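K.L.:
Quick one: this structure, given as structure tokens, is what I'll be asking you about.
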Amino acid sequence: MHADRIEATYLIETPLAPAKVAEVMAGEQSCGTFTRVHGETDDLRARARAIVESVEKLDVAETPALPNTWLERQRNPGPWQRARVTISFPTANIGANLPTLAATVAGNLYDLGEVTGLRLESLRIPQAYRAQFDLPRHGVAGTRRLTGVADGPLVGSIIKPNVGLSAEETGELVGTLCAAGLDFIKDDEICADPAHAPLAQRIPAVMDRVRRHQDRTGKHVMVAFNITDETDAMRRHADLVEREGGSCIMVSLNWCGYSAVQTLRRHSGLALHGHRNGFGALSRHPLLGIGFDAYQALWRLAGVDHMHVHGLNGKFAQPDEEVIEGARACLAPLAEDASGAADAVMPAFSSGQWAGTVPVTWEAVGTADLMFMSGGGIMAHPDGPAAGVLSIRQAWDAVRAGRSLDDAARELPELRRSLDFFGKKG
């Protein structure tokens with residue numbers, strides 16, 4: 001890999017020669033267009049043009065994945081060749097500019113007439129370029145310090161119902177969840193600053209319970225307040241969280257945008273919990289959009305501390321392979337020669353998680369450096385939320401010790417009740 005170039009890998013589909021299409025992609029996103037233009041000298045091209053690093057032909061399709069009027073006008077009959085293409089872009093073209101980086105590696109490529117499918121799969125970023133962007137303020141190690149959880153997963157839950165509770169009712173629920181033994185609590189992504197529970201009231205009400213619990217037990221429960229809004233409002237809300245003794249804020253990454261999240265990161269020293277809601281619109285079609293590996297790389301340059309990856313055997317559409325690869329990507333160094341310690345972000349597993357999904361999670365990722373969030377698996381446990389939390393901790397202790405859940409459940413009633421109750425529902 002070049003020290004001064006970013007490498008982007010794409011999956012494309014085209015009825016044309018993939019190598020020719022790759023050159024079109026490189027020209028479109030650097031110094032050229034579909035043909036050489038006035039002023040585009042050989043020296044300029046050598047210095048500023050993107051380079052096609054590799055083209056690997058894959059399978060052939062008889063029908064196109066996506067409609068394409070440009071090709072239809074040419075009456076191109078196919079077939080449609082699929083290929084994996086790697087293109088490198090000079091970092092000097094972009095600078096330390098995250099929105100422009102995203103526009104360069106994606107942008108107009110999705111609209112090219114030469115393709116009937118295009119997906120950005122991954123990015124490789126040189127260390128010197130990565131160093132120009134923000135690191136996580138806390139990441140894995142810092143989140144452990146803030147919560148006092150030195151080992152094992154952070155067990156968390158989500159405040160439900162996500163709409164309707166008043167500020168005081170939300171505070172009461174958080175008090176219940178703290179007493180149940182949670183390490184982490186988050187707002188739902190669609191509850192930010194509603195009229196019935198504005199953040200100006202909700203943050204003090206919630207933090208009152210968090211402080212009381214900390215006074216009784218010595219444990220600080222991390223609450224991720226959803227402060228998604230326009231930039232100035234997010235900064236005000238982050239300041240209030242900090243004044244109230246909170247440790248974490250949450251934003252809906254896709255709807256705030258790179259610039260707003262960067263501004264927030266530089267403004268606040270709180271842990272920044274990145275929620276990916278809306279990612280499915282960018283990723284669900286296998287030949288369109290952006291894969292999670294590239295997605296998380298871009299957002300990590302904004303300095304987030306936690307990233308959602310969804311959950312294994314969960315309720316959403318993503319295959320387990322994507323969840324596993326996403327978690328591993330979050331924990332790996334972003335740049336090739338980085339130490340990784342300050343660069344890793346904590347993956348957040350959620351959606352349909354309970355004690356019964358712990359074994360597959362442990363088997364897949366082989367680490368407890370993660371957030372394991374459960375809604376119904378905790379709140380709907382037949383013996384109450386505290387038993388739900390304990391059942392998940394018992395499941396993690398079992399799998400890390402090499403025991404099956406059924407074996408451990410013979411002597412752990414909370415785990416036994418969870419397996420019997422939720423297992424039958426599954």
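Each chain in the structure tokens gets a letter, A, B, ..., in the order shown, and its residues are numbered from 1; ligands are numbered from 1 in order too.
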Fewer than 3 positions away in the same chain doesn't count, so skip those; otherwise give me all residues within 9 Å of range 325-329 of chain A, counting only C-alpha atoms, as a ChimeraX atom specification.
P.N.:
/A:292-293,296-297,307-309,320-322,332-334,344,346-349,365,370
K.L.:
Could those residues be written to a file, using C-alpha atoms, as a PDB file, in the first residue's frame?
P.N.:
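Result went into again04.pdb, see below:
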ATOM      1  CA  PHE A 292     -20.044  -1.901   6.813  1.00  0.00           C
ATOM      2  CA  ASP A 293     -16.252  -2.189   6.650  1.00  0.00           C
ATOM      3  CA  GLN A 296     -17.204   2.139   9.922  1.00  0.00           C
ATOM      4  CA  ALA A 297     -13.831   3.314   8.611  1.00  0.00           C
ATOM      5  CA  MET A 307     -20.413   1.652  16.809  1.00  0.00           C
ATOM      6  CA  HIS A 308     -23.574  -0.396  16.418  1.00  0.00           C
ATOM      7  CA  VAL A 309     -23.148  -3.688  14.554  1.00  0.00           C
ATOM      8  CA  ASP A 320     -24.608 -12.979  10.814  1.00  0.00           C
ATOM      9  CA  GLU A 321     -21.463 -12.794   8.688  1.00  0.00           C
ATOM     10  CA  GLU A 322     -21.867  -9.037   8.333  1.00  0.00           C
ATOM     11  CA  ALA A 332      -9.006  -3.808  14.496  1.00  0.00           C
ATOM     12  CA  PRO A 333      -6.585  -0.914  13.882  1.00  0.00           C
ATOM     13  CA  LEU A 334      -7.982   1.380  11.221  1.00  0.00           C
ATOM     14  CA  ALA A 344     -10.318   0.618  18.289  1.00  0.00           C
ATOM     15  CA  MET A 346     -16.290  -0.717  21.033  1.00  0.00           C
ATOM     16  CA  PRO A 347     -18.828  -2.677  18.958  1.00  0.00           C
ATOM     17  CA  ALA A 348     -22.388  -2.538  20.273  1.00  0.00           C
ATOM     18  CA  PHE A 349     -24.452  -5.694  19.758  1.00  0.00           C
ATOM     19  CA  VAL A 365     -15.761 -12.720  17.905  1.00  0.00           C
ATOM     20  CA  LEU A 370     -18.137  -5.260  23.394  1.00  0.00           C
TER      21      LEU A 370
END
K.L.:
Leaving out range 196-205 of chain A and any residue of its chain fewer than 4 positions from it, which residues lie within 6 Å of it when counting only C-alpha atoms, given as a list in words?
P.N.:
Ser166, Ala167, Glu168 and Gly171 of chain A
K.L.:
Let me see the file: selected residues, C-alpha atoms, as a JSON list (two decimals), in the first residue's frame.
P.N.:
[["chain", "number", "residue", "atom", "x", "y", "z"],
["A", 166, "SER", "CA", -42.24, 11.85, 30.59],
["A", 167, "ALA", "CA", -38.87, 13.06, 31.84],
["A", 168, "GLU", "CA", -39.69, 11.91, 35.37],
["A", 171, "GLY", "CA", -35.78, 8.86, 35.29]]
K.L.:
Leaving out Met25 in chain A and any residue of its chain fewer than 5 positions from it, which residues lie within 10 Å of it when counting only C-alpha atoms, given as an mmCIF file with C-alpha atoms, in the first residue's frame?
P.N.:
data_model
loop_
_atom_site.group_PDB
_atom_site.id
_atom_site.type_symbol
_atom_site.label_atom_id
_atom_site.label_comp_id
_atom_site.auth_asym_id
_atom_site.auth_seq_id
_atom_site.Cartn_x
_atom_site.Cartn_y
_atom_site.Cartn_z
ATOM 1 C CA ALA A 19 -10.948 -2.882 -16.663
ATOM 2 C CA LYS A 20 -12.284 -0.096 -18.863
ATOM 3 C CA SER A 30 -9.917 12.423 -9.579
ATOM 4 C CA GLY A 32 -10.461 13.528 -15.311
ATOM 5 C CA THR A 33 -13.883 12.973 -16.800
ATOM 6 C CA PHE A 34 -14.976 10.612 -19.546
ATOM 7 C CA ALA A 50 -6.556 7.924 -9.195
ATOM 8 C CA ILE A 51 -4.924 4.625 -10.136
ATOM 9 C CA VAL A 52 -6.581 1.297 -10.851
ATOM 10 C CA VAL A 85 -11.984 -3.402 -8.386
ATOM 11 C CA ILE A 87 -8.584 2.019 -6.910
ATOM 12 C CA VAL A 105 -14.510 7.205 -2.657
ATOM 13 C CA ALA A 106 -18.258 7.149 -3.318
ATOM 14 C CA ASN A 108 -20.932 10.182 -8.340
ATOM 15 C CA LEU A 109 -19.670 6.637 -8.787
ATOM 16 C CA TYR A 110 -23.150 5.359 -7.958
ATOM 17 C CA LEU A 112 -22.135 6.123 -13.564
ATOM 18 C CA GLU A 114 -21.288 2.178 -17.231
ATOM 19 C CA VAL A 115 -22.471 0.161 -14.239
#
K.L.:
Quick one: of A:Pro90, A:Gly384, A:Pro286, A:Pro67, who's nearest to Cys31 in chain A, counting only C-alpha atoms?
P.N.:
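Answer, going by the shortest atom-to-atom distance: A:Pro90.
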K.L.:
What residues in range 233-407 of chain A get the DSSP label strand (DSSP E or B)? Please answer as a ChimeraX atom specification.
P.N.:
/A:248-252,271-275,288-290,306-308,335,346-349,371-373
K.L.:
Listing only residues of range 351-394 of chain A within 8 Å of range 140-156 of chain A, what is the closest atom pair and its distance in Å (to one decimal) for each, using only C-alpha atoms, sorted by chain and residue number ascending, as JSON lines?
P.N.:
{"residue": "A:Ala368", "atom": "CA", "partner": "A:Pro153", "partner_atom": "CA", "distance": 4.7}
{"residue": "A:Asp369", "atom": "CA", "partner": "A:Pro153", "partner_atom": "CA", "distance": 5.8}
{"residue": "A:Leu370", "atom": "CA", "partner": "A:Pro153", "partner_atom": "CA", "distance": 5.3}
{"residue": "A:Met371", "atom": "CA", "partner": "A:Leu154", "partner_atom": "CA", "distance": 4.7}
{"residue": "A:Phe372", "atom": "CA", "partner": "A:Val155", "partner_atom": "CA", "distance": 5.1}
{"residue": "A:Met373", "atom": "CA", "partner": "A:Gly156", "partner_atom": "CA", "distance": 4.3}
{"residue": "A:Ser374", "atom": "CA", "partner": "A:Gly156", "partner_atom": "CA", "distance": 6.3}
{"residue": "A:Val389", "atom": "CA", "partner": "A:Val155", "partner_atom": "CA", "distance": 7.3}
{"residue": "A:Ile392", "atom": "CA", "partner": "A:Val155", "partner_atom": "CA", "distance": 7.7}
{"residue": "A:Arg393", "atom": "CA", "partner": "A:Val155", "partner_atom": "CA", "distance": 7.6}
